[in-house]
Amino acid sequence: MIGIIYYAYGAPKSLDDVTPYFTHIMKGKTPPPHVIENVTAQFKKLGGVDPLAANTGRIAKGLEHSLQNRLTQPVKVYNAYKHTEPYIPDVVDTMLEDGITTFITLPVNPIMSTGAAAFHDEVSTLLASHDVKVIHAKNWHLNDELLAVYKDRVQRAFEWIPVEKRAQTHVLYTVHSQPIDPEKNENYVRQFAELAEAISKAVQIDNWHITYRSGHGKGDWLGPNVKDKINSLQGEGAQGIVTCELLSLSADIESYFEVGYECHRLCEELQVEFAQSEFPGDSYDTIQALAAIVESFIPTASQLRS
């Protein structure tokens with residue numbers, strides 16, 4: 001049986017999960033009360049559930065259904081997270097108990113982040129002593145069906161800007177910043193730039209830039225910061241800004257506010273039109289793109305028997 005592990009960093013399913021989530025990130029050390037209060041306030045500001053938790057659960061169900069219709073082999077999709085339940089080791093154990101013999105690792109990240117790379121490595125380590133196949137779904141950021149999804153999202157956001165301002169509208173692609181380390185950053189930055197360029201070509205947009213979030217004020221982190229870029233573009237005559245996050249197919253609490261709310265507020269202050277590109281999320285076209293991506297990694301029946 002084929003099993004797909006659909007992975008994300010963490011997905012709290014209740015406000016009660018916020019403290020354990022960040023305690024797990026800090027390797028058992030509970031964050032100071034003011035940190036928990038600030039994070040909890042941010043979650044409450046959503047006015048609803050964590051979008052990443054909701055999306056990844058529905059994506060797993062939709063992906064399993066789509067793959068069952070595409071494949072002759074039985075297949076099952078499992079959610080797994082680094083810092084919230086169900087944790088990766090527990091999911092791997094469940095998959096072994098379910099009789100999975102071919103494991104495919106699929107992160108929520110289209111580009112190869114350090115977290116995605118660590119996920120692939122962790123699964124390999126956990127299964128090293130078992131007689132199973134392990135296949136890591138990597139380097140799928142330029143998949144044609146995925147690009148069609150992003151083209152739709154960016155084009156819709158760009159066309160939301162009033163027509164008379166589109167010639168001076170810029171698309172800012174974002175991912176989470178990282179400490180500068182040329183060797184560790186190489187794949188991350190390259191795949192980010194490749195995906196941003198491919199989307200821009202598909203939408204036929206010339207004014208586009210790669211920027212970073214969450215590293216503001218950290219001089220030894222990758223830049224430019226997205227908000228700094230908005231300020232500089234406005235000074236150069238920009239009349240519209242579109243943001244598009246590329247680190248994750250689904251919105252997480254951090255990107256939801258940094259690329260959406262905070263950039264929107266800045267653009268209002270600068271009197272610049274703003275639109276945020278929707279995340280691929282759990283929509284039909286995203287599910288179909290992921291199914292095509294996974295299918296491309298699945299060996300033939302003869303290979304599975306070998």
# chains A, B, ... in the order shown; residues from 1 in each chain; ligands from 1
>>> closest_atom_pairs(of="region 255-297 of chain A", to="region 71-88 of chain A", cutoff="12 Å", atoms="only C-alpha atoms", output="Markdown table")
| residue | atom | partner | partner_atom | distance |
| --- | --- | --- | --- | --- |
| A:Leu290 | CA | A:Val77 | CA | 11.8 |
| A:Ala291 | CA | A:Leu71 | CA | 10.2 |
| A:Ala292 | CA | A:Leu71 | CA | 10.9 |
| A:Val294 | CA | A:Leu71 | CA | 10.8 |
| A:Glu295 | CA | A:Leu71 | CA | 8.1 |
| A:Ser296 | CA | A:Leu71 | CA | 11.3 |
>>> select_by_dssp(residues="region 157-266 of chain A", states="strand (DSSP E)", output="PyMOL selection string")
chain A and resi 169-176+208-213+240-245
>>> closest_residue(among="A:Thr94, A:Thr19, A:Thr105, A:Gln155", to="Gln204 (chain A)", atoms="only C-alpha atoms")
A:Gln155
>>> residues_around(residues="Val203 (chain A)", least_positions_apart="4", cutoff="9 Å", atoms="only C-alpha atoms", output="NGL selection string")
:A and (151-152 or 154-155 or 198-199)
>>> closest_atom_pairs(of="region 157-216 of chain A", to="region 125-147 of chain A", cutoff="9 Å", atoms="only C-alpha atoms", output="Markdown table")
| residue | atom | partner | partner_atom | distance |
| --- | --- | --- | --- | --- |
| A:Gln191 | CA | A:His141 | CA | 7.2 |
| A:Phe192 | CA | A:His141 | CA | 8.6 |
| A:Glu194 | CA | A:Leu142 | CA | 7.7 |
| A:Leu195 | CA | A:Leu142 | CA | 6.3 |
| A:Ala198 | CA | A:Leu147 | CA | 7.4 |
| A:Ile199 | CA | A:Leu147 | CA | 6.2 |
| A:Ala202 | CA | A:Leu147 | CA | 7.9 |
>>> residues_around(residues="Ala54 (chain A)", least_positions_apart="5", cutoff="9 Å", atoms="only C-alpha atoms", output="list in words")
Ala11, Lys13, Val49, Ile59 and Asp282 of chain A
>>> closest_residue(among="A:Val259, A:Ile210, A:Ile5, A:Ala196", to="Leu106 (chain A)", atoms="only C-alpha atoms")
A:Ile5
>>> closest_residue(among="A:Ser113, A:Asn225, A:Asn38, A:Asn207", to="Tyr188 (chain A)", atoms="only C-alpha atoms")
A:Ser113
>>> closest_residue(among="A:Glu258, A:Glu122, A:Lys45, A:Glu236", to="Val92 (chain A)", atoms="only C-alpha atoms")
A:Glu122
>>> select_by_dssp(residues="region 17-187 of chain A", states="alpha helix (DSSP H)", output="mmCIF file with N, CA, C and O atoms, in the first residue's frame")
data_model
loop_
_atom_site.group_PDB
_atom_site.id
_atom_site.type_symbol
_atom_site.label_atom_id
_atom_site.label_comp_id
_atom_site.auth_asym_id
_atom_site.auth_seq_id
_atom_site.Cartn_x
_atom_site.Cartn_y
_atom_site.Cartn_z
ATOM 1 N N VAL A 18 -1.881 26.587 21.816
ATOM 2 C CA VAL A 18 -0.867 27.605 21.522
ATOM 3 C C VAL A 18 0.358 27.450 22.425
ATOM 4 O O VAL A 18 1.500 27.438 21.944
ATOM 5 N N THR A 19 0.144 27.315 23.742
ATOM 6 C CA THR A 19 1.283 27.172 24.654
ATOM 7 C C THR A 19 2.075 25.893 24.384
ATOM 8 O O THR A 19 3.309 25.942 24.261
ATOM 9 N N PRO A 20 1.425 24.715 24.276
ATOM 10 C CA PRO A 20 2.194 23.508 23.951
ATOM 11 C C PRO A 20 2.930 23.591 22.621
ATOM 12 O O PRO A 20 4.043 23.071 22.483
ATOM 13 N N TYR A 21 2.327 24.266 21.642
ATOM 14 C CA TYR A 21 2.938 24.434 20.322
ATOM 15 C C TYR A 21 4.272 25.153 20.432
ATOM 16 O O TYR A 21 5.312 24.663 19.958
ATOM 17 N N PHE A 22 4.276 26.306 21.100
ATOM 18 C CA PHE A 22 5.508 27.083 21.194
ATOM 19 C C PHE A 22 6.486 26.496 22.212
ATOM 20 O O PHE A 22 7.693 26.689 22.100
ATOM 21 N N THR A 23 5.980 25.770 23.184
ATOM 22 C CA THR A 23 6.862 25.056 24.104
ATOM 23 C C THR A 23 7.617 23.961 23.352
ATOM 24 O O THR A 23 8.812 23.749 23.565
ATOM 25 N N HIS A 24 6.933 23.298 22.439
ATOM 26 C CA HIS A 24 7.578 22.253 21.635
ATOM 27 C C HIS A 24 8.623 22.852 20.705
ATOM 28 O O HIS A 24 9.717 22.289 20.535
ATOM 29 N N ILE A 25 8.315 24.004 20.114
ATOM 30 C CA ILE A 25 9.280 24.688 19.248
ATOM 31 C C ILE A 25 10.548 25.024 20.029
ATOM 32 O O ILE A 25 11.660 24.902 19.516
ATOM 33 N N PRO A 33 5.343 34.554 29.549
ATOM 34 C CA PRO A 33 3.902 34.829 29.453
ATOM 35 C C PRO A 33 3.551 35.877 28.399
ATOM 36 O O PRO A 33 2.555 35.726 27.684
ATOM 37 N N HIS A 34 4.362 36.947 28.262
ATOM 38 C CA HIS A 34 4.020 38.000 27.303
ATOM 39 C C HIS A 34 4.095 37.495 25.862
ATOM 40 O O HIS A 34 3.345 37.965 24.994
ATOM 41 N N VAL A 35 4.989 36.528 25.613
ATOM 42 C CA VAL A 35 5.094 35.959 24.265
ATOM 43 C C VAL A 35 3.841 35.150 23.942
ATOM 44 O O VAL A 35 3.243 35.296 22.864
ATOM 45 N N ILE A 36 3.419 34.316 24.896
ATOM 46 C CA ILE A 36 2.207 33.528 24.703
ATOM 47 C C ILE A 36 0.991 34.437 24.549
ATOM 48 O O ILE A 36 0.122 34.204 23.698
ATOM 49 N N GLU A 37 0.932 35.493 25.344
ATOM 50 C CA GLU A 37 -0.197 36.429 25.255
ATOM 51 C C GLU A 37 -0.250 37.087 23.879
ATOM 52 O O GLU A 37 -1.326 37.236 23.287
ATOM 53 N N ASN A 38 0.920 37.487 23.360
ATOM 54 C CA ASN A 38 0.957 38.139 22.051
ATOM 55 C C ASN A 38 0.545 37.184 20.934
ATOM 56 O O ASN A 38 -0.204 37.553 20.025
ATOM 57 N N VAL A 39 1.046 35.957 21.010
ATOM 58 C CA VAL A 39 0.711 34.984 19.975
ATOM 59 C C VAL A 39 -0.768 34.613 20.042
ATOM 60 O O VAL A 39 -1.454 34.529 19.012
ATOM 61 N N THR A 40 -1.266 34.411 21.260
ATOM 62 C CA THR A 40 -2.680 34.074 21.429
ATOM 63 C C THR A 40 -3.569 35.199 20.916
ATOM 64 O O THR A 40 -4.585 34.956 20.252
ATOM 65 N N ALA A 41 -3.158 36.438 21.180
ATOM 66 C CA ALA A 41 -3.923 37.590 20.692
ATOM 67 C C ALA A 41 -3.956 37.616 19.171
ATOM 68 O O ALA A 41 -4.973 37.977 18.556
ATOM 69 N N GLN A 42 -2.851 37.220 18.555
ATOM 70 C CA GLN A 42 -2.801 37.185 17.087
ATOM 71 C C GLN A 42 -3.751 36.125 16.535
ATOM 72 O O GLN A 42 -4.472 36.359 15.562
ATOM 73 N N PHE A 43 -3.758 34.954 17.171
ATOM 74 C CA PHE A 43 -4.701 33.913 16.746
ATOM 75 C C PHE A 43 -6.146 34.389 16.921
ATOM 76 O O PHE A 43 -7.000 34.169 16.050
ATOM 77 N N LYS A 44 -6.425 35.053 18.033
ATOM 78 C CA LYS A 44 -7.786 35.537 18.268
ATOM 79 C C LYS A 44 -8.184 36.594 17.248
ATOM 80 O O LYS A 44 -9.350 36.721 16.875
ATOM 81 N N LYS A 45 -7.206 37.348 16.790
ATOM 82 C CA LYS A 45 -7.459 38.407 15.812
ATOM 83 C C LYS A 45 -7.971 37.840 14.491
ATOM 84 O O LYS A 45 -8.643 38.535 13.716
ATOM 85 N N LEU A 46 -7.659 36.577 14.234
ATOM 86 C CA LEU A 46 -8.159 35.927 13.032
ATOM 87 C C LEU A 46 -9.681 35.910 13.006
ATOM 88 O O LEU A 46 -10.302 35.987 11.948
ATOM 89 N N PRO A 51 -5.860 28.766 9.862
ATOM 90 C CA PRO A 51 -6.092 28.336 8.471
ATOM 91 C C PRO A 51 -5.216 27.173 8.037
ATOM 92 O O PRO A 51 -5.631 26.347 7.221
ATOM 93 N N LEU A 52 -4.002 27.088 8.578
ATOM 94 C CA LEU A 52 -3.118 25.999 8.182
ATOM 95 C C LEU A 52 -3.670 24.659 8.644
ATOM 96 O O LEU A 52 -3.694 23.682 7.886
ATOM 97 N N ALA A 53 -4.136 24.603 9.887
ATOM 98 C CA ALA A 53 -4.705 23.355 10.407
ATOM 99 C C ALA A 53 -5.922 22.933 9.593
ATOM 100 O O ALA A 53 -6.064 21.758 9.222
ATOM 101 N N ALA A 54 -6.788 23.899 9.292
ATOM 102 C CA ALA A 54 -7.994 23.584 8.530
ATOM 103 C C ALA A 54 -7.650 23.118 7.122
ATOM 104 O O ALA A 54 -8.188 22.120 6.625
ATOM 105 N N ASN A 55 -6.743 23.828 6.462
ATOM 106 C CA ASN A 55 -6.398 23.521 5.076
ATOM 107 C C ASN A 55 -5.692 22.181 4.939
ATOM 108 O O ASN A 55 -6.028 21.380 4.054
ATOM 109 N N THR A 56 -4.699 21.925 5.786
ATOM 110 C CA THR A 56 -3.923 20.702 5.615
ATOM 111 C C THR A 56 -4.777 19.458 5.846
ATOM 112 O O THR A 56 -4.597 18.439 5.160
ATOM 113 N N GLY A 57 -5.720 19.545 6.780
ATOM 114 C CA GLY A 57 -6.614 18.409 7.005
ATOM 115 C C GLY A 57 -7.494 18.128 5.803
ATOM 116 O O GLY A 57 -7.664 16.975 5.378
ATOM 117 N N ARG A 58 -8.040 19.196 5.224
ATOM 118 C CA ARG A 58 -8.915 19.011 4.060
ATOM 119 C C ARG A 58 -8.116 18.610 2.818
ATOM 120 O O ARG A 58 -8.597 17.835 1.985
ATOM 121 N N ILE A 59 -6.900 19.150 2.687
ATOM 122 C CA ILE A 59 -6.059 18.769 1.547
ATOM 123 C C ILE A 59 -5.757 17.267 1.588
ATOM 124 O O ILE A 59 -5.809 16.587 0.555
ATOM 125 N N ALA A 60 -5.445 16.742 2.755
ATOM 126 C CA ALA A 60 -5.143 15.314 2.876
ATOM 127 C C ALA A 60 -6.332 14.465 2.417
ATOM 128 O O ALA A 60 -6.168 13.486 1.672
ATOM 129 N N LYS A 61 -7.523 14.842 2.836
ATOM 130 C CA LYS A 61 -8.722 14.086 2.438
ATOM 131 C C LYS A 61 -8.963 14.193 0.936
ATOM 132 O O LYS A 61 -9.253 13.199 0.258
ATOM 133 N N GLY A 62 -8.847 15.410 0.409
ATOM 134 C CA GLY A 62 -9.076 15.608 -1.015
ATOM 135 C C GLY A 62 -8.027 14.921 -1.866
ATOM 136 O O GLY A 62 -8.333 14.339 -2.915
ATOM 137 N N LEU A 63 -6.778 14.975 -1.417
ATOM 138 C CA LEU A 63 -5.685 14.351 -2.161
ATOM 139 C C LEU A 63 -5.857 12.838 -2.188
ATOM 140 O O LEU A 63 -5.648 12.195 -3.235
ATOM 141 N N GLU A 64 -6.242 12.260 -1.074
ATOM 142 C CA GLU A 64 -6.456 10.813 -1.032
ATOM 143 C C GLU A 64 -7.563 10.408 -2.003
ATOM 144 O O GLU A 64 -7.430 9.435 -2.761
ATOM 145 N N HIS A 65 -8.655 11.148 -2.005
ATOM 146 C CA HIS A 65 -9.768 10.843 -2.901
ATOM 147 C C HIS A 65 -9.326 10.944 -4.361
ATOM 148 O O HIS A 65 -9.648 10.071 -5.189
ATOM 149 N N SER A 66 -8.590 12.000 -4.693
ATOM 150 C CA SER A 66 -8.142 12.195 -6.071
ATOM 151 C C SER A 66 -7.185 11.081 -6.502
ATOM 152 O O SER A 66 -7.294 10.555 -7.619
ATOM 153 N N LEU A 67 -6.260 10.715 -5.625
ATOM 154 C CA LEU A 67 -5.293 9.672 -5.974
ATOM 155 C C LEU A 67 -5.961 8.303 -6.111
ATOM 156 O O LEU A 67 -5.557 7.486 -6.954
ATOM 157 N N GLN A 68 -6.977 8.042 -5.310
ATOM 158 C CA GLN A 68 -7.692 6.774 -5.417
ATOM 159 C C GLN A 68 -8.357 6.633 -6.779
ATOM 160 O O GLN A 68 -8.510 5.528 -7.299
ATOM 161 N N ASN A 69 -8.757 7.770 -7.356
ATOM 162 C CA ASN A 69 -9.371 7.758 -8.684
ATOM 163 C C ASN A 69 -8.345 7.675 -9.811
ATOM 164 O O ASN A 69 -8.678 7.321 -10.941
ATOM 165 N N ARG A 70 -7.081 8.026 -9.516
ATOM 166 C CA ARG A 70 -6.027 8.040 -10.528
ATOM 167 C C ARG A 70 -5.232 6.735 -10.579
ATOM 168 O O ARG A 70 -4.699 6.375 -11.628
ATOM 169 N N ILE A 88 5.415 13.558 13.576
ATOM 170 C CA ILE A 88 5.945 12.718 12.500
ATOM 171 C C ILE A 88 6.232 11.278 12.962
ATOM 172 O O ILE A 88 5.795 10.321 12.305
ATOM 173 N N PRO A 89 6.953 11.051 14.087
ATOM 174 C CA PRO A 89 7.230 9.660 14.487
ATOM 175 C C PRO A 89 5.962 8.853 14.743
ATOM 176 O O PRO A 89 5.894 7.665 14.398
ATOM 177 N N ASP A 90 4.943 9.497 15.332
ATOM 178 C CA ASP A 90 3.688 8.794 15.613
ATOM 179 C C ASP A 90 2.966 8.434 14.319
ATOM 180 O O ASP A 90 2.376 7.349 14.195
ATOM 181 N N VAL A 91 3.007 9.330 13.359
ATOM 182 C CA VAL A 91 2.358 9.066 12.071
ATOM 183 C C VAL A 91 3.060 7.929 11.346
ATOM 184 O O VAL A 91 2.413 7.049 10.765
ATOM 185 N N VAL A 92 4.382 7.922 11.370
ATOM 186 C CA VAL A 92 5.134 6.834 10.730
ATOM 187 C C VAL A 92 4.769 5.492 11.363
ATOM 188 O O VAL A 92 4.561 4.489 10.660
ATOM 189 N N ASP A 93 4.669 5.462 12.691
ATOM 190 C CA ASP A 93 4.283 4.220 13.376
ATOM 191 C C ASP A 93 2.894 3.771 12.934
ATOM 192 O O ASP A 93 2.664 2.575 12.683
ATOM 193 N N THR A 94 1.967 4.702 12.854
ATOM 194 C CA THR A 94 0.606 4.374 12.418
ATOM 195 C C THR A 94 0.608 3.818 10.995
ATOM 196 O O THR A 94 -0.100 2.848 10.691
ATOM 197 N N MET A 95 1.402 4.415 10.130
ATOM 198 C CA MET A 95 1.474 3.965 8.741
ATOM 199 C C MET A 95 2.031 2.545 8.648
ATOM 200 O O MET A 95 1.549 1.724 7.865
ATOM 201 N N LEU A 96 3.037 2.253 9.464
ATOM 202 C CA LEU A 96 3.581 0.892 9.482
ATOM 203 C C LEU A 96 2.535 -0.097 9.964
ATOM 204 O O LEU A 96 2.384 -1.191 9.403
ATOM 205 N N GLU A 97 1.774 0.286 10.989
ATOM 206 C CA GLU A 97 0.703 -0.578 11.501
ATOM 207 C C GLU A 97 -0.379 -0.780 10.453
ATOM 208 O O GLU A 97 -1.004 -1.848 10.394
ATOM 209 N N THR A 114 14.519 24.737 4.853
ATOM 210 C CA THR A 114 15.279 23.893 5.776
ATOM 211 C C THR A 114 14.342 22.950 6.530
ATOM 212 O O THR A 114 14.696 21.810 6.820
ATOM 213 N N GLY A 115 13.136 23.435 6.839
ATOM 214 C CA GLY A 115 12.161 22.593 7.533
ATOM 215 C C GLY A 115 11.718 21.424 6.684
ATOM 216 O O GLY A 115 11.579 20.294 7.179
ATOM 217 N N ALA A 116 11.480 21.672 5.393
ATOM 218 C CA ALA A 116 11.072 20.591 4.495
ATOM 219 C C ALA A 116 12.191 19.569 4.343
ATOM 220 O O ALA A 116 11.948 18.353 4.337
ATOM 221 N N ALA A 117 13.421 20.054 4.226
ATOM 222 C CA ALA A 117 14.560 19.141 4.097
ATOM 223 C C ALA A 117 14.712 18.277 5.345
ATOM 224 O O ALA A 117 14.969 17.068 5.253
ATOM 225 N N ALA A 118 14.525 18.886 6.519
ATOM 226 C CA ALA A 118 14.638 18.141 7.773
ATOM 227 C C ALA A 118 13.533 17.090 7.886
ATOM 228 O O ALA A 118 13.756 15.994 8.423
ATOM 229 N N PHE A 119 12.356 17.413 7.367
ATOM 230 C CA PHE A 119 11.239 16.462 7.374
ATOM 231 C C PHE A 119 11.581 15.221 6.558
ATOM 232 O O PHE A 119 11.404 14.087 7.009
ATOM 233 N N HIS A 120 12.073 15.419 5.344
ATOM 234 C CA HIS A 120 12.470 14.286 4.514
ATOM 235 C C HIS A 120 13.507 13.423 5.235
ATOM 236 O O HIS A 120 13.403 12.188 5.256
ATOM 237 N N ASP A 121 14.490 14.087 5.831
ATOM 238 C CA ASP A 121 15.568 13.363 6.510
ATOM 239 C C ASP A 121 15.044 12.586 7.721
ATOM 240 O O ASP A 121 15.476 11.450 7.984
ATOM 241 N N GLU A 122 14.115 13.201 8.473
ATOM 242 C CA GLU A 122 13.584 12.543 9.669
ATOM 243 C C GLU A 122 12.832 11.267 9.301
ATOM 244 O O GLU A 122 12.984 10.233 9.954
ATOM 245 N N VAL A 123 12.033 11.331 8.258
ATOM 246 C CA VAL A 123 11.283 10.144 7.836
ATOM 247 C C VAL A 123 12.245 9.049 7.383
ATOM 248 O O VAL A 123 12.060 7.868 7.710
ATOM 249 N N SER A 124 13.277 9.421 6.637
ATOM 250 C CA SER A 124 14.271 8.433 6.203
ATOM 251 C C SER A 124 14.911 7.742 7.399
ATOM 252 O O SER A 124 15.094 6.509 7.406
ATOM 253 N N THR A 125 15.252 8.515 8.419
ATOM 254 C CA THR A 125 15.887 7.955 9.613
ATOM 255 C C THR A 125 14.936 7.009 10.343
ATOM 256 O O THR A 125 15.332 5.922 10.771
ATOM 257 N N LEU A 126 13.690 7.401 10.482
ATOM 258 C CA LEU A 126 12.706 6.587 11.194
ATOM 259 C C LEU A 126 12.443 5.259 10.489
ATOM 260 O O LEU A 126 12.100 4.263 11.131
ATOM 261 N N ASP A 144 3.780 22.196 -13.884
ATOM 262 C CA ASP A 144 2.883 23.007 -14.711
ATOM 263 C C ASP A 144 1.524 23.246 -14.058
ATOM 264 O O ASP A 144 0.971 24.350 -14.138
ATOM 265 N N GLU A 145 0.968 22.210 -13.437
ATOM 266 C CA GLU A 145 -0.353 22.374 -12.819
ATOM 267 C C GLU A 145 -0.281 23.283 -11.590
ATOM 268 O O GLU A 145 -1.207 24.054 -11.321
ATOM 269 N N LEU A 146 0.823 23.203 -10.855
ATOM 270 C CA LEU A 146 0.998 24.112 -9.725
ATOM 271 C C LEU A 146 1.140 25.554 -10.218
ATOM 272 O O LEU A 146 0.552 26.484 -9.641
ATOM 273 N N LEU A 147 1.909 25.752 -11.289
ATOM 274 C CA LEU A 147 2.064 27.091 -11.847
ATOM 275 C C LEU A 147 0.729 27.664 -12.304
ATOM 276 O O LEU A 147 0.478 28.867 -12.165
ATOM 277 N N ALA A 148 -0.139 26.818 -12.826
ATOM 278 C CA ALA A 148 -1.471 27.284 -13.241
ATOM 279 C C ALA A 148 -2.270 27.785 -12.045
ATOM 280 O O ALA A 148 -3.021 28.768 -12.154
ATOM 281 N N VAL A 149 -2.104 27.122 -10.896
ATOM 282 C CA VAL A 149 -2.785 27.566 -9.670
ATOM 283 C C VAL A 149 -2.278 28.952 -9.272
ATOM 284 O O VAL A 149 -3.063 29.868 -9.006
ATOM 285 N N TYR A 150 -0.959 29.115 -9.229
ATOM 286 C CA TYR A 150 -0.396 30.407 -8.837
ATOM 287 C C TYR A 150 -0.705 31.492 -9.864
ATOM 288 O O TYR A 150 -0.938 32.651 -9.494
ATOM 289 N N LYS A 151 -0.719 31.135 -11.136
ATOM 290 C CA LYS A 151 -1.090 32.117 -12.158
ATOM 291 C C LYS A 151 -2.479 32.657 -11.888
ATOM 292 O O LYS A 151 -2.722 33.879 -11.950
ATOM 293 N N ASP A 152 -3.413 31.770 -11.590
ATOM 294 C CA ASP A 152 -4.785 32.190 -11.284
ATOM 295 C C ASP A 152 -4.828 33.148 -10.097
ATOM 296 O O ASP A 152 -5.485 34.193 -10.143
ATOM 297 N N ARG A 153 -4.088 32.810 -9.022
ATOM 298 C CA ARG A 153 -4.147 33.623 -7.803
ATOM 299 C C ARG A 153 -3.534 35.016 -8.025
ATOM 300 O O ARG A 153 -4.107 36.030 -7.620
ATOM 301 N N VAL A 154 -2.372 35.048 -8.652
ATOM 302 C CA VAL A 154 -1.689 36.326 -8.858
ATOM 303 C C VAL A 154 -2.446 37.190 -9.866
ATOM 304 O O VAL A 154 -2.589 38.404 -9.672
ATOM 305 N N GLN A 155 -2.945 36.574 -10.920
ATOM 306 C CA GLN A 155 -3.675 37.345 -11.930
ATOM 307 C C GLN A 155 -4.932 37.969 -11.341
ATOM 308 O O GLN A 155 -5.252 39.131 -11.613
ATOM 309 N N ARG A 156 -5.651 37.214 -10.511
ATOM 310 C CA ARG A 156 -6.849 37.755 -9.869
ATOM 311 C C ARG A 156 -6.506 38.941 -8.970
ATOM 312 O O ARG A 156 -7.218 39.951 -8.964
ATOM 313 N N ALA A 157 -5.425 38.819 -8.216
ATOM 314 C CA ALA A 157 -5.024 39.912 -7.325
ATOM 315 C C ALA A 157 -4.589 41.132 -8.131
ATOM 316 O O ALA A 157 -4.948 42.272 -7.810
ATOM 317 N N PHE A 158 -3.805 40.897 -9.185
ATOM 318 C CA PHE A 158 -3.318 42.002 -10.016
ATOM 319 C C PHE A 158 -4.485 42.735 -10.676
ATOM 320 O O PHE A 158 -4.513 43.973 -10.733
ATOM 321 N N GLU A 159 -5.467 41.996 -11.156
ATOM 322 C CA GLU A 159 -6.600 42.613 -11.828
ATOM 323 C C GLU A 159 -7.571 43.282 -10.864
ATOM 324 O O GLU A 159 -8.481 43.997 -11.303
ATOM 325 N N TRP A 160 -7.377 43.066 -9.565
ATOM 326 C CA TRP A 160 -8.183 43.768 -8.568
ATOM 327 C C TRP A 160 -7.763 45.235 -8.454
ATOM 328 O O TRP A 160 -8.543 46.090 -8.070
ATOM 329 N N PRO A 182 25.386 31.182 2.631
ATOM 330 C CA PRO A 182 25.340 30.884 1.193
ATOM 331 C C PRO A 182 25.107 29.417 0.867
ATOM 332 O O PRO A 182 24.342 29.089 -0.043
ATOM 333 N N GLU A 183 25.736 28.515 1.596
ATOM 334 C CA GLU A 183 25.577 27.095 1.292
ATOM 335 C C GLU A 183 24.168 26.605 1.626
ATOM 336 O O GLU A 183 23.515 25.926 0.826
ATOM 337 N N LYS A 184 23.672 26.976 2.822
ATOM 338 C CA LYS A 184 22.340 26.532 3.235
ATOM 339 C C LYS A 184 21.233 27.257 2.474
ATOM 340 O O LYS A 184 20.149 26.708 2.267
ATOM 341 N N ASN A 185 21.486 28.486 2.054
ATOM 342 C CA ASN A 185 20.462 29.292 1.388
ATOM 343 C C ASN A 185 20.335 28.994 -0.100
ATOM 344 O O ASN A 185 19.335 29.379 -0.726
ATOM 345 N N GLU A 186 21.323 28.306 -0.690
ATOM 346 C CA GLU A 186 21.398 28.219 -2.143
ATOM 347 C C GLU A 186 20.131 27.657 -2.777
ATOM 348 O O GLU A 186 19.525 28.275 -3.658
ATOM 349 N N ASN A 187 19.684 26.470 -2.359
ATOM 350 C CA ASN A 187 18.479 25.868 -2.938
ATOM 351 C C ASN A 187 17.239 26.691 -2.633
ATOM 352 O O ASN A 187 16.360 26.866 -3.491
#
>>> decode(residues="region 166-178 of chain A", atoms="N, CA and C atoms", output="PDB file, in the first residue's frame")
ATOM      1  N   ARG A 166      -2.400  49.892 -12.915  1.00  0.00           N
ATOM      2  CA  ARG A 166      -1.712  48.606 -13.078  1.00  0.00           C
ATOM      3  C   ARG A 166      -0.322  48.742 -13.688  1.00  0.00           C
ATOM      4  N   ALA A 167      -0.120  49.730 -14.542  1.00  0.00           N
ATOM      5  CA  ALA A 167       1.207  49.892 -15.156  1.00  0.00           C
ATOM      6  C   ALA A 167       2.266  50.198 -14.108  1.00  0.00           C
ATOM      7  N   GLN A 168       1.838  50.786 -12.980  1.00  0.00           N
ATOM      8  CA  GLN A 168       2.762  51.116 -11.885  1.00  0.00           C
ATOM      9  C   GLN A 168       2.481  50.248 -10.656  1.00  0.00           C
ATOM     10  N   THR A 169       2.007  49.022 -10.918  1.00  0.00           N
ATOM     11  CA  THR A 169       1.761  48.063  -9.839  1.00  0.00           C
ATOM     12  C   THR A 169       2.864  47.009  -9.840  1.00  0.00           C
ATOM     13  N   HIS A 170       3.339  46.675  -8.660  1.00  0.00           N
ATOM     14  CA  HIS A 170       4.437  45.728  -8.507  1.00  0.00           C
ATOM     15  C   HIS A 170       3.972  44.507  -7.706  1.00  0.00           C
ATOM     16  N   VAL A 171       4.408  43.328  -8.137  1.00  0.00           N
ATOM     17  CA  VAL A 171       4.121  42.090  -7.416  1.00  0.00           C
ATOM     18  C   VAL A 171       5.332  41.739  -6.561  1.00  0.00           C
ATOM     19  N   LEU A 172       5.097  41.590  -5.264  1.00  0.00           N
ATOM     20  CA  LEU A 172       6.162  41.238  -4.327  1.00  0.00           C
ATOM     21  C   LEU A 172       5.943  39.817  -3.833  1.00  0.00           C
ATOM     22  N   TYR A 173       6.821  38.909  -4.248  1.00  0.00           N
ATOM     23  CA  TYR A 173       6.763  37.534  -3.770  1.00  0.00           C
ATOM     24  C   TYR A 173       7.535  37.461  -2.448  1.00  0.00           C
ATOM     25  N   THR A 174       7.027  36.668  -1.520  1.00  0.00           N
ATOM     26  CA  THR A 174       7.663  36.585  -0.203  1.00  0.00           C
ATOM     27  C   THR A 174       7.839  35.142   0.246  1.00  0.00           C
ATOM     28  N   VAL A 175       8.848  34.952   1.074  1.00  0.00           N
ATOM     29  CA  VAL A 175       9.019  33.745   1.873  1.00  0.00           C
ATOM     30  C   VAL A 175       9.623  34.194   3.201  1.00  0.00           C
ATOM     31  N   HIS A 176       9.652  33.298   4.162  1.00  0.00           N
ATOM     32  CA  HIS A 176      10.258  33.606   5.456  1.00  0.00           C
ATOM     33  C   HIS A 176      11.756  33.820   5.274  1.00  0.00           C
ATOM     34  N   SER A 177      12.294  34.879   5.867  1.00  0.00           N
ATOM     35  CA  SER A 177      13.727  35.124   5.786  1.00  0.00           C
ATOM     36  C   SER A 177      14.494  34.057   6.560  1.00  0.00           C
ATOM     37  N   GLN A 178      15.773  33.953   6.257  1.00  0.00           N
ATOM     38  CA  GLN A 178      16.662  32.981   6.903  1.00  0.00           C
ATOM     39  C   GLN A 178      17.986  33.665   7.231  1.00  0.00           C
TER      40      GLN A 178
END
